[in-house]
Amino acid sequence: MATIGYAQLPVPGGGDSPLGPAALADLATAIDPHLTQHVTNRAQRDSLYSGAPRHTMVSADDGSLWLKTSSTANTWATIYEPVAAWRAVTPASGYQGAEFAPLCRIDRGRVYLQGRLQRVDGGVFPTGGVKVGSVPADCRPAKYGSWAGGSGLTGDPVVGVGRLEVLGAASSTSTGTIGDILWYSQDGTGVPWVDLSGSYWLD
């Protein structure tokens with residue numbers, strides 16, 4: 001049977017007839033891998049197309065567009081994904097949101113945080129790796145996340161910055177569990193609030 005186009009689609013010629021349904025089935029099978037498949041969301045993509053051939057393209061209802069890069073694994077390249085909505089960070093016991101609500105969101109494999117935390121009792125933060133909150137389950141890093149976080153200057157702190165860390169599966173500390181947000185500071189008197197603004201990689 002003759003083929004046409006870059007996709008080498010099978011099209012019966014005069015000497016191939018009468019093939020009828022079989023020829024149509026062959027043509028449909030050849031066309032299918034070149035069509036953009038449609039799903040509701042990423043979860044449905046993984047459920048329906050994890051075994052699809054490489055180069056399969058899938059589009060979701062929110063406009064997300066992915067291209068499969070492996071014939072054997074559920075591995076995709078993201079062509080486009082809308083930026084996710086901000087979600088709440090959960091304050092630890094004894095802490096609460098401050099002037100700006102503590103929030104996080106995922107964008108292309110990276111977690112971004114914003115907002116501030118303060119103590120419920122109005123006191124100052126301990127300095128040595130205290131848990132101040134936790135991120136949602138899908139925001140937990142494979143290794144760990146770490147960045148410099150700003151802090152209030154009320155009282156007599158030495159500096160207005162400390163270290164924030166989100167525990168991941170490979171974190172070496174034993175002071176918390178995966179997804180916990182820890183605050184470290186060298187300010188001997190403590191600080192009244194901590195700004196979470198920062199980001200880290202999920203992998």
# chains A, B, ... in the order shown; residues from 1 in each chain; ligands from 1
call {"tool": "closest_atom_pairs", "arguments": {"of": "range 56-105 of chain A", "to": "range 122-146 of chain A", "cutoff": "8 Å", "atoms": "only C-alpha atoms", "output": "JSON lines"}}
result
{"residue": "A:Ala88", "atom": "CA", "partner": "A:Val135", "partner_atom": "CA", "distance": 7.9}
{"residue": "A:Val89", "atom": "CA", "partner": "A:Val135", "partner_atom": "CA", "distance": 5.2}
{"residue": "A:Thr90", "atom": "CA", "partner": "A:Ser134", "partner_atom": "CA", "distance": 5.3}
{"residue": "A:Pro91", "atom": "CA", "partner": "A:Gly133", "partner_atom": "CA", "distance": 4.0}
{"residue": "A:Ala92", "atom": "CA", "partner": "A:Gly133", "partner_atom": "CA", "distance": 4.3}
{"residue": "A:Ser93", "atom": "CA", "partner": "A:Val132", "partner_atom": "CA", "distance": 7.8}
{"residue": "A:Tyr95", "atom": "CA", "partner": "A:Val132", "partner_atom": "CA", "distance": 6.5}
{"residue": "A:Cys104", "atom": "CA", "partner": "A:Val135", "partner_atom": "CA", "distance": 7.5}
{"residue": "A:Arg105", "atom": "CA", "partner": "A:Cys139", "partner_atom": "CA", "distance": 7.8}
call {"tool": "write_last_selection", "arguments": {"atoms": "N, CA, C and O atoms", "output": "compact mmCIF listing (two decimals), in the first residue's frame"}}
result
# COMPACT_ATOMS: atom_id res chain seq x y z
N ALA A 88 -2.36 28.11 50.62
CA ALA A 88 -1.95 28.45 51.98
C ALA A 88 -0.78 27.59 52.46
O ALA A 88 -0.73 26.38 52.19
N VAL A 89 0.14 28.24 53.16
CA VAL A 89 1.15 27.55 53.96
C VAL A 89 0.55 27.39 55.36
O VAL A 89 -0.06 28.32 55.89
N THR A 90 0.71 26.24 55.97
CA THR A 90 0.13 25.97 57.29
C THR A 90 1.08 26.42 58.40
O THR A 90 2.18 25.87 58.52
N PRO A 91 0.71 27.41 59.20
CA PRO A 91 1.59 27.81 60.32
C PRO A 91 1.71 26.68 61.34
O PRO A 91 0.77 25.91 61.55
N ALA A 92 2.87 26.58 61.96
CA ALA A 92 3.06 25.60 63.03
C ALA A 92 2.30 26.05 64.28
O ALA A 92 1.87 27.20 64.38
N SER A 93 2.15 25.14 65.21
CA SER A 93 1.49 25.47 66.47
C SER A 93 2.21 26.63 67.15
O SER A 93 3.43 26.63 67.29
N TYR A 95 2.15 29.71 65.92
CA TYR A 95 2.46 30.72 64.91
C TYR A 95 1.22 31.02 64.07
O TYR A 95 0.29 30.21 64.00
N CYS A 104 2.02 29.73 49.02
CA CYS A 104 3.00 29.07 48.16
C CYS A 104 2.32 28.64 46.86
O CYS A 104 1.09 28.52 46.80
N ARG A 105 3.12 28.41 45.83
CA ARG A 105 2.61 27.82 44.60
C ARG A 105 3.76 27.20 43.81
O ARG A 105 4.93 27.55 44.01
call {"tool": "residues_around", "arguments": {"residues": "Leu164 in chain A", "least_positions_apart": "4", "cutoff": "9 Å", "atoms": "only C-alpha atoms", "output": "list in words"}}
result
Gly129, Gly145, Ser146, Trp147, Ala148, Gly149, Ile181, Leu182, Trp183, Tyr184, Ser185, Leu196 and Gly198 of chain A
call {"tool": "select_by_dssp", "arguments": {"residues": "range 39-190 of chain A", "states": "strand (DSSP E or B)", "output": "short mmCIF file (atom, residue, chain, number, x, y, z; two decimals) with C-alpha atoms, in the first residue's frame"}}
result
data_model
loop_
_atom_site.label_atom_id
_atom_site.label_comp_id
_atom_site.auth_asym_id
_atom_site.auth_seq_id
_atom_site.Cartn_x
_atom_site.Cartn_y
_atom_site.Cartn_z
CA VAL A 39 -7.70 15.43 28.91
CA MET A 57 0.95 15.53 22.45
CA VAL A 58 -1.71 16.07 25.14
CA SER A 59 -3.71 19.20 25.94
CA ALA A 60 -5.66 19.83 29.17
CA LEU A 65 0.20 21.34 26.64
CA TRP A 66 2.68 18.46 27.03
CA LEU A 67 4.83 16.41 24.65
CA LYS A 68 5.86 12.87 25.62
CA TRP A 76 6.79 14.69 29.44
CA ALA A 77 8.13 18.02 28.27
CA THR A 78 5.94 20.95 29.29
CA ILE A 79 5.24 23.25 26.38
CA TYR A 80 2.84 25.44 28.34
CA ARG A 87 -2.21 28.20 48.22
CA ALA A 88 -1.95 28.45 51.98
CA THR A 90 0.13 25.97 57.29
CA PRO A 91 1.59 27.81 60.32
CA TYR A 95 2.46 30.72 64.91
CA GLN A 96 0.10 32.55 62.59
CA GLY A 97 0.03 34.66 59.46
CA LEU A 103 1.26 31.36 50.65
CA CYS A 104 3.00 29.07 48.16
CA ARG A 105 2.61 27.82 44.60
CA ILE A 106 4.39 25.59 42.09
CA ASP A 107 5.61 26.89 38.74
CA ARG A 110 9.91 25.25 41.45
CA VAL A 111 8.04 26.23 44.62
CA TYR A 112 7.60 29.92 45.41
CA LEU A 113 6.59 31.31 48.80
CA GLN A 114 5.42 34.71 50.01
CA ARG A 116 4.98 36.52 56.80
CA LEU A 117 4.63 34.54 60.01
CA GLN A 118 4.54 35.77 63.59
CA ARG A 119 4.05 34.17 66.98
CA GLY A 128 17.92 27.34 66.40
CA GLY A 129 15.99 25.54 63.66
CA VAL A 130 12.47 25.99 65.02
CA LYS A 131 9.51 24.73 62.97
CA VAL A 132 7.37 27.68 61.89
CA GLY A 133 5.09 26.08 59.30
CA SER A 134 4.70 23.42 56.61
CA TYR A 144 15.60 20.18 50.62
CA GLY A 145 14.89 23.85 50.02
CA SER A 146 16.94 26.64 51.56
CA TRP A 147 17.01 30.42 51.16
CA ALA A 148 17.64 33.67 53.06
CA GLY A 149 14.54 35.08 54.73
CA GLY A 150 14.00 38.62 55.97
CA SER A 151 12.82 39.33 59.50
CA VAL A 161 17.89 38.12 57.88
CA GLY A 162 18.05 34.42 58.69
CA ARG A 163 17.89 31.06 56.94
CA LEU A 164 14.67 29.26 56.02
CA GLU A 165 14.71 25.59 55.13
CA VAL A 166 12.03 23.20 53.90
CA LEU A 167 12.79 19.62 54.80
CA ASP A 180 8.35 21.38 57.57
CA ILE A 181 9.60 24.96 57.30
CA LEU A 182 12.44 25.69 59.74
CA TRP A 183 13.84 29.07 60.79
CA TYR A 184 17.49 29.58 61.74
#
call {"tool": "atom_distance", "arguments": {"atom1": "CA of Gly152 in chain A", "atom2": "CA of Gly179 in chain A"}}
result
24.1 Å
call {"tool": "residues_around", "arguments": {"residues": "range 52-54 of chain A", "least_positions_apart": "2", "cutoff": "12 Å", "atoms": "only C-alpha atoms", "output": "compact mmCIF listing (two decimals) with N, CA, C and O atoms, in the first residue's frame"}}
result
# COMPACT_ATOMS: atom_id res chain seq x y z
N ASP A 32 -3.53 8.51 14.34
CA ASP A 32 -3.76 8.73 15.77
C ASP A 32 -2.56 9.28 16.53
O ASP A 32 -2.71 10.23 17.32
N PRO A 33 -1.33 8.76 16.35
CA PRO A 33 -0.20 9.30 17.12
C PRO A 33 0.11 10.76 16.81
O PRO A 33 0.83 11.43 17.57
N HIS A 34 -0.40 11.28 15.70
CA HIS A 34 -0.10 12.65 15.29
C HIS A 34 -1.17 13.64 15.73
O HIS A 34 -1.02 14.85 15.52
N GLN A 37 -4.11 14.88 21.80
CA GLN A 37 -5.08 14.20 22.66
C GLN A 37 -5.60 15.20 23.71
O GLN A 37 -4.88 16.13 24.09
N ARG A 45 -4.02 12.77 32.25
CA ARG A 45 -2.96 12.53 31.26
C ARG A 45 -2.11 11.33 31.65
O ARG A 45 -1.85 10.43 30.84
N ASP A 46 -1.68 11.31 32.92
CA ASP A 46 -0.83 10.22 33.39
C ASP A 46 -1.59 8.90 33.39
O ASP A 46 -1.01 7.83 33.14
N SER A 47 -2.89 8.95 33.69
CA SER A 47 -3.70 7.74 33.73
C SER A 47 -3.91 7.14 32.35
O SER A 47 -3.82 5.93 32.17
N LEU A 48 -4.17 7.98 31.36
CA LEU A 48 -4.53 7.49 30.03
C LEU A 48 -3.35 7.32 29.09
O LEU A 48 -3.37 6.44 28.21
N TYR A 49 -2.29 8.13 29.27
CA TYR A 49 -1.25 8.18 28.24
C TYR A 49 0.15 7.87 28.75
O TYR A 49 1.13 8.14 28.06
N SER A 50 0.26 7.28 29.93
CA SER A 50 1.60 6.96 30.44
C SER A 50 2.31 5.96 29.54
O SER A 50 3.54 5.95 29.47
N THR A 56 3.83 11.86 21.56
CA THR A 56 2.41 12.07 21.81
C THR A 56 2.20 13.45 22.44
O THR A 56 2.88 13.81 23.39
N MET A 57 1.25 14.20 21.92
CA MET A 57 0.95 15.53 22.45
C MET A 57 -0.41 15.50 23.13
O MET A 57 -1.38 14.98 22.58
N VAL A 58 -0.47 16.07 24.35
CA VAL A 58 -1.71 16.07 25.14
C VAL A 58 -2.00 17.48 25.61
O VAL A 58 -1.11 18.19 26.10
N TRP A 66 1.50 19.28 26.73
CA TRP A 66 2.68 18.46 27.03
C TRP A 66 3.04 17.60 25.82
O TRP A 66 2.17 17.19 25.05
N LEU A 67 4.33 17.30 25.69
CA LEU A 67 4.83 16.41 24.65
C LEU A 67 5.60 15.27 25.31
O LEU A 67 6.52 15.50 26.10
N LYS A 68 5.22 14.03 25.00
CA LYS A 68 5.86 12.87 25.62
C LYS A 68 7.25 12.67 25.03
O LYS A 68 7.43 12.70 23.82
N THR A 69 8.23 12.49 25.89
CA THR A 69 9.63 12.39 25.46
C THR A 69 10.22 11.00 25.61
O THR A 69 11.40 10.81 25.36
N SER A 70 9.42 10.02 26.04
CA SER A 70 9.91 8.67 26.21
C SER A 70 8.84 7.67 25.76
O SER A 70 7.65 7.90 25.97
N SER A 71 9.29 6.58 25.13
CA SER A 71 8.36 5.53 24.73
C SER A 71 8.11 4.52 25.83
O SER A 71 7.18 3.73 25.75
N THR A 72 8.95 4.54 26.87
CA THR A 72 8.86 3.53 27.92
C THR A 72 8.51 4.09 29.29
O THR A 72 8.02 3.37 30.15
N ALA A 73 8.74 5.40 29.52
CA ALA A 73 8.48 6.01 30.82
C ALA A 73 7.44 7.12 30.68
O ALA A 73 7.25 7.68 29.59
N ASN A 74 6.80 7.44 31.79
CA ASN A 74 5.81 8.52 31.80
C ASN A 74 6.51 9.87 31.97
O ASN A 74 6.39 10.55 32.98
N THR A 75 7.27 10.25 30.93
CA THR A 75 8.09 11.45 30.97
C THR A 75 7.61 12.43 29.91
O THR A 75 7.47 12.05 28.74
N TRP A 76 7.38 13.69 30.33
CA TRP A 76 6.79 14.69 29.44
C TRP A 76 7.58 15.99 29.47
O TRP A 76 8.12 16.38 30.51
N ALA A 77 7.63 16.66 28.33
CA ALA A 77 8.13 18.02 28.27
C ALA A 77 6.92 18.96 28.33
O ALA A 77 5.92 18.74 27.64
call {"tool": "atom_distance", "arguments": {"atom1": "CA of Gly94 in chain A", "atom2": "CA of Ser197 in chain A"}}
result
20.3 Å
call {"tool": "closest_residue", "arguments": {"among": "A:Pro82, A:Pro102, A:Gly115, A:Pro192", "to": "Ser64 in chain A", "atoms": "only C-alpha atoms"}}
result
A:Pro82
call {"tool": "closest_residue", "arguments": {"among": "A:Val194, A:Ala2, A:Ala22, A:Leu9", "to": "Ala98 in chain A", "atoms": "only C-alpha atoms"}}
result
A:Val194
call {"tool": "decode", "arguments": {"residues": "range 51-65 of chain A", "atoms": "all heavy atoms", "output": "PDB file, in the first residue's frame"}}
result
ATOM      1  N   GLY A  51       1.565   5.109  28.840  1.00  0.00           N
ATOM      2  CA  GLY A  51       2.167   4.120  27.946  1.00  0.00           C
ATOM      3  C   GLY A  51       2.154   4.518  26.494  1.00  0.00           C
ATOM      4  O   GLY A  51       2.481   3.713  25.615  1.00  0.00           O
ATOM      5  N   ALA A  52       1.792   5.786  26.205  1.00  0.00           N
ATOM      6  CA  ALA A  52       1.725   6.253  24.824  1.00  0.00           C
ATOM      7  C   ALA A  52       3.125   6.373  24.220  1.00  0.00           C
ATOM      8  O   ALA A  52       4.113   6.503  24.941  1.00  0.00           O
ATOM      9  CB  ALA A  52       1.013   7.603  24.770  1.00  0.00           C
ATOM     10  N   PRO A  53       3.219   6.335  22.897  1.00  0.00           N
ATOM     11  CA  PRO A  53       4.541   6.452  22.263  1.00  0.00           C
ATOM     12  C   PRO A  53       5.138   7.838  22.407  1.00  0.00           C
ATOM     13  O   PRO A  53       4.425   8.818  22.681  1.00  0.00           O
ATOM     14  CB  PRO A  53       4.250   6.123  20.790  1.00  0.00           C
ATOM     15  CG  PRO A  53       2.804   6.436  20.599  1.00  0.00           C
ATOM     16  CD  PRO A  53       2.149   6.121  21.912  1.00  0.00           C
ATOM     17  N   ARG A  54       6.439   7.917  22.232  1.00  0.00           N
ATOM     18  CA  ARG A  54       7.126   9.207  22.233  1.00  0.00           C
ATOM     19  C   ARG A  54       6.538  10.112  21.155  1.00  0.00           C
ATOM     20  O   ARG A  54       6.085   9.636  20.114  1.00  0.00           O
ATOM     21  CB  ARG A  54       8.624   8.993  21.995  1.00  0.00           C
ATOM     22  CG  ARG A  54       9.457  10.239  22.096  1.00  0.00           C
ATOM     23  CD  ARG A  54      10.933   9.921  22.040  1.00  0.00           C
ATOM     24  NE  ARG A  54      11.264   9.151  20.850  1.00  0.00           N
ATOM     25  CZ  ARG A  54      12.497   8.752  20.564  1.00  0.00           C
ATOM     26  NH1 ARG A  54      13.486   9.008  21.391  1.00  0.00           N
ATOM     27  NH2 ARG A  54      12.720   8.068  19.468  1.00  0.00           N
ATOM     28  N   HIS A  55       6.525  11.406  21.415  1.00  0.00           N
ATOM     29  CA  HIS A  55       5.984  12.458  20.539  1.00  0.00           C
ATOM     30  C   HIS A  55       4.475  12.640  20.694  1.00  0.00           C
ATOM     31  O   HIS A  55       3.899  13.504  20.033  1.00  0.00           O
ATOM     32  CB  HIS A  55       6.293  12.213  19.058  1.00  0.00           C
ATOM     33  CG  HIS A  55       7.743  12.016  18.761  1.00  0.00           C
ATOM     34  ND1 HIS A  55       8.715  12.901  19.182  1.00  0.00           N
ATOM     35  CD2 HIS A  55       8.392  11.015  18.103  1.00  0.00           C
ATOM     36  CE1 HIS A  55       9.889  12.470  18.778  1.00  0.00           C
ATOM     37  NE2 HIS A  55       9.727  11.333  18.134  1.00  0.00           N
ATOM     38  N   THR A  56       3.830  11.858  21.564  1.00  0.00           N
ATOM     39  CA  THR A  56       2.406  12.072  21.806  1.00  0.00           C
ATOM     40  C   THR A  56       2.199  13.449  22.440  1.00  0.00           C
ATOM     41  O   THR A  56       2.885  13.813  23.393  1.00  0.00           O
ATOM     42  CB  THR A  56       1.838  10.986  22.737  1.00  0.00           C
ATOM     43  OG1 THR A  56       1.948   9.714  22.102  1.00  0.00           O
ATOM     44  CG2 THR A  56       0.374  11.249  23.068  1.00  0.00           C
ATOM     45  N   MET A  57       1.249  14.198  21.920  1.00  0.00           N
ATOM     46  CA  MET A  57       0.949  15.526  22.447  1.00  0.00           C
ATOM     47  C   MET A  57      -0.413  15.502  23.131  1.00  0.00           C
ATOM     48  O   MET A  57      -1.378  14.978  22.578  1.00  0.00           O
ATOM     49  CB  MET A  57       0.955  16.580  21.342  1.00  0.00           C
ATOM     50  CG  MET A  57       0.744  17.997  21.842  1.00  0.00           C
ATOM     51  SD  MET A  57       0.966  19.251  20.541  1.00  0.00           S
ATOM     52  CE  MET A  57       2.743  19.161  20.307  1.00  0.00           C
ATOM     53  N   VAL A  58      -0.472  16.069  24.349  1.00  0.00           N
ATOM     54  CA  VAL A  58      -1.706  16.068  25.135  1.00  0.00           C
ATOM     55  C   VAL A  58      -1.999  17.479  25.613  1.00  0.00           C
ATOM     56  O   VAL A  58      -1.106  18.186  26.095  1.00  0.00           O
ATOM     57  CB  VAL A  58      -1.591  15.114  26.341  1.00  0.00           C
ATOM     58  CG1 VAL A  58      -2.862  15.164  27.196  1.00  0.00           C
ATOM     59  CG2 VAL A  58      -1.336  13.679  25.875  1.00  0.00           C
ATOM     60  N   SER A  59      -3.261  17.879  25.502  1.00  0.00           N
ATOM     61  CA  SER A  59      -3.710  19.197  25.937  1.00  0.00           C
ATOM     62  C   SER A  59      -4.775  19.042  27.016  1.00  0.00           C
ATOM     63  O   SER A  59      -5.644  18.176  26.916  1.00  0.00           O
ATOM     64  CB  SER A  59      -4.283  19.978  24.747  1.00  0.00           C
ATOM     65  OG  SER A  59      -4.819  21.219  25.166  1.00  0.00           O
ATOM     66  N   ALA A  60      -4.692  19.876  28.075  1.00  0.00           N
ATOM     67  CA  ALA A  60      -5.657  19.828  29.169  1.00  0.00           C
ATOM     68  C   ALA A  60      -6.659  20.972  29.048  1.00  0.00           C
ATOM     69  O   ALA A  60      -6.453  21.936  28.303  1.00  0.00           O
ATOM     70  CB  ALA A  60      -4.944  19.904  30.514  1.00  0.00           C
ATOM     71  N   ASP A  61      -7.728  20.870  29.818  1.00  0.00           N
ATOM     72  CA  ASP A  61      -8.795  21.871  29.762  1.00  0.00           C
ATOM     73  C   ASP A  61      -8.325  23.266  30.145  1.00  0.00           C
ATOM     74  O   ASP A  61      -8.907  24.269  29.716  1.00  0.00           O
ATOM     75  CB  ASP A  61      -9.956  21.459  30.680  1.00  0.00           C
ATOM     76  CG  ASP A  61     -10.737  20.278  30.132  1.00  0.00           C
ATOM     77  OD1 ASP A  61     -10.537  19.929  28.950  1.00  0.00           O
ATOM     78  OD2 ASP A  61     -11.543  19.695  30.895  1.00  0.00           O
ATOM     79  N   ASP A  62      -7.271  23.354  30.983  1.00  0.00           N
ATOM     80  CA  ASP A  62      -6.791  24.677  31.409  1.00  0.00           C
ATOM     81  C   ASP A  62      -5.779  25.273  30.432  1.00  0.00           C
ATOM     82  O   ASP A  62      -5.192  26.317  30.695  1.00  0.00           O
ATOM     83  CB  ASP A  62      -6.185  24.609  32.813  1.00  0.00           C
ATOM     84  CG  ASP A  62      -4.936  23.749  32.882  1.00  0.00           C
ATOM     85  OD1 ASP A  62      -4.526  23.166  31.849  1.00  0.00           O
ATOM     86  OD2 ASP A  62      -4.353  23.656  33.986  1.00  0.00           O
ATOM     87  N   GLY A  63      -5.569  24.595  29.294  1.00  0.00           N
ATOM     88  CA  GLY A  63      -4.640  25.098  28.291  1.00  0.00           C
ATOM     89  C   GLY A  63      -3.254  24.484  28.359  1.00  0.00           C
ATOM     90  O   GLY A  63      -2.418  24.745  27.491  1.00  0.00           O
ATOM     91  N   SER A  64      -2.988  23.679  29.366  1.00  0.00           N
ATOM     92  CA  SER A  64      -1.679  23.026  29.476  1.00  0.00           C
ATOM     93  C   SER A  64      -1.421  22.162  28.248  1.00  0.00           C
ATOM     94  O   SER A  64      -2.335  21.521  27.716  1.00  0.00           O
ATOM     95  CB  SER A  64      -1.614  22.164  30.731  1.00  0.00           C
ATOM     96  OG  SER A  64      -1.705  22.945  31.897  1.00  0.00           O
ATOM     97  N   LEU A  65      -0.170  22.118  27.816  1.00  0.00           N
ATOM     98  CA  LEU A  65       0.200  21.342  26.639  1.00  0.00           C
ATOM     99  C   LEU A  65       1.506  20.615  26.920  1.00  0.00           C
ATOM    100  O   LEU A  65       2.492  21.234  27.317  1.00  0.00           O
ATOM    101  CB  LEU A  65       0.361  22.263  25.423  1.00  0.00           C
ATOM    102  CG  LEU A  65       0.547  21.606  24.060  1.00  0.00           C
ATOM    103  CD1 LEU A  65      -0.692  20.793  23.683  1.00  0.00           C
ATOM    104  CD2 LEU A  65       0.822  22.660  22.997  1.00  0.00           C
TER     105      LEU A  65
END
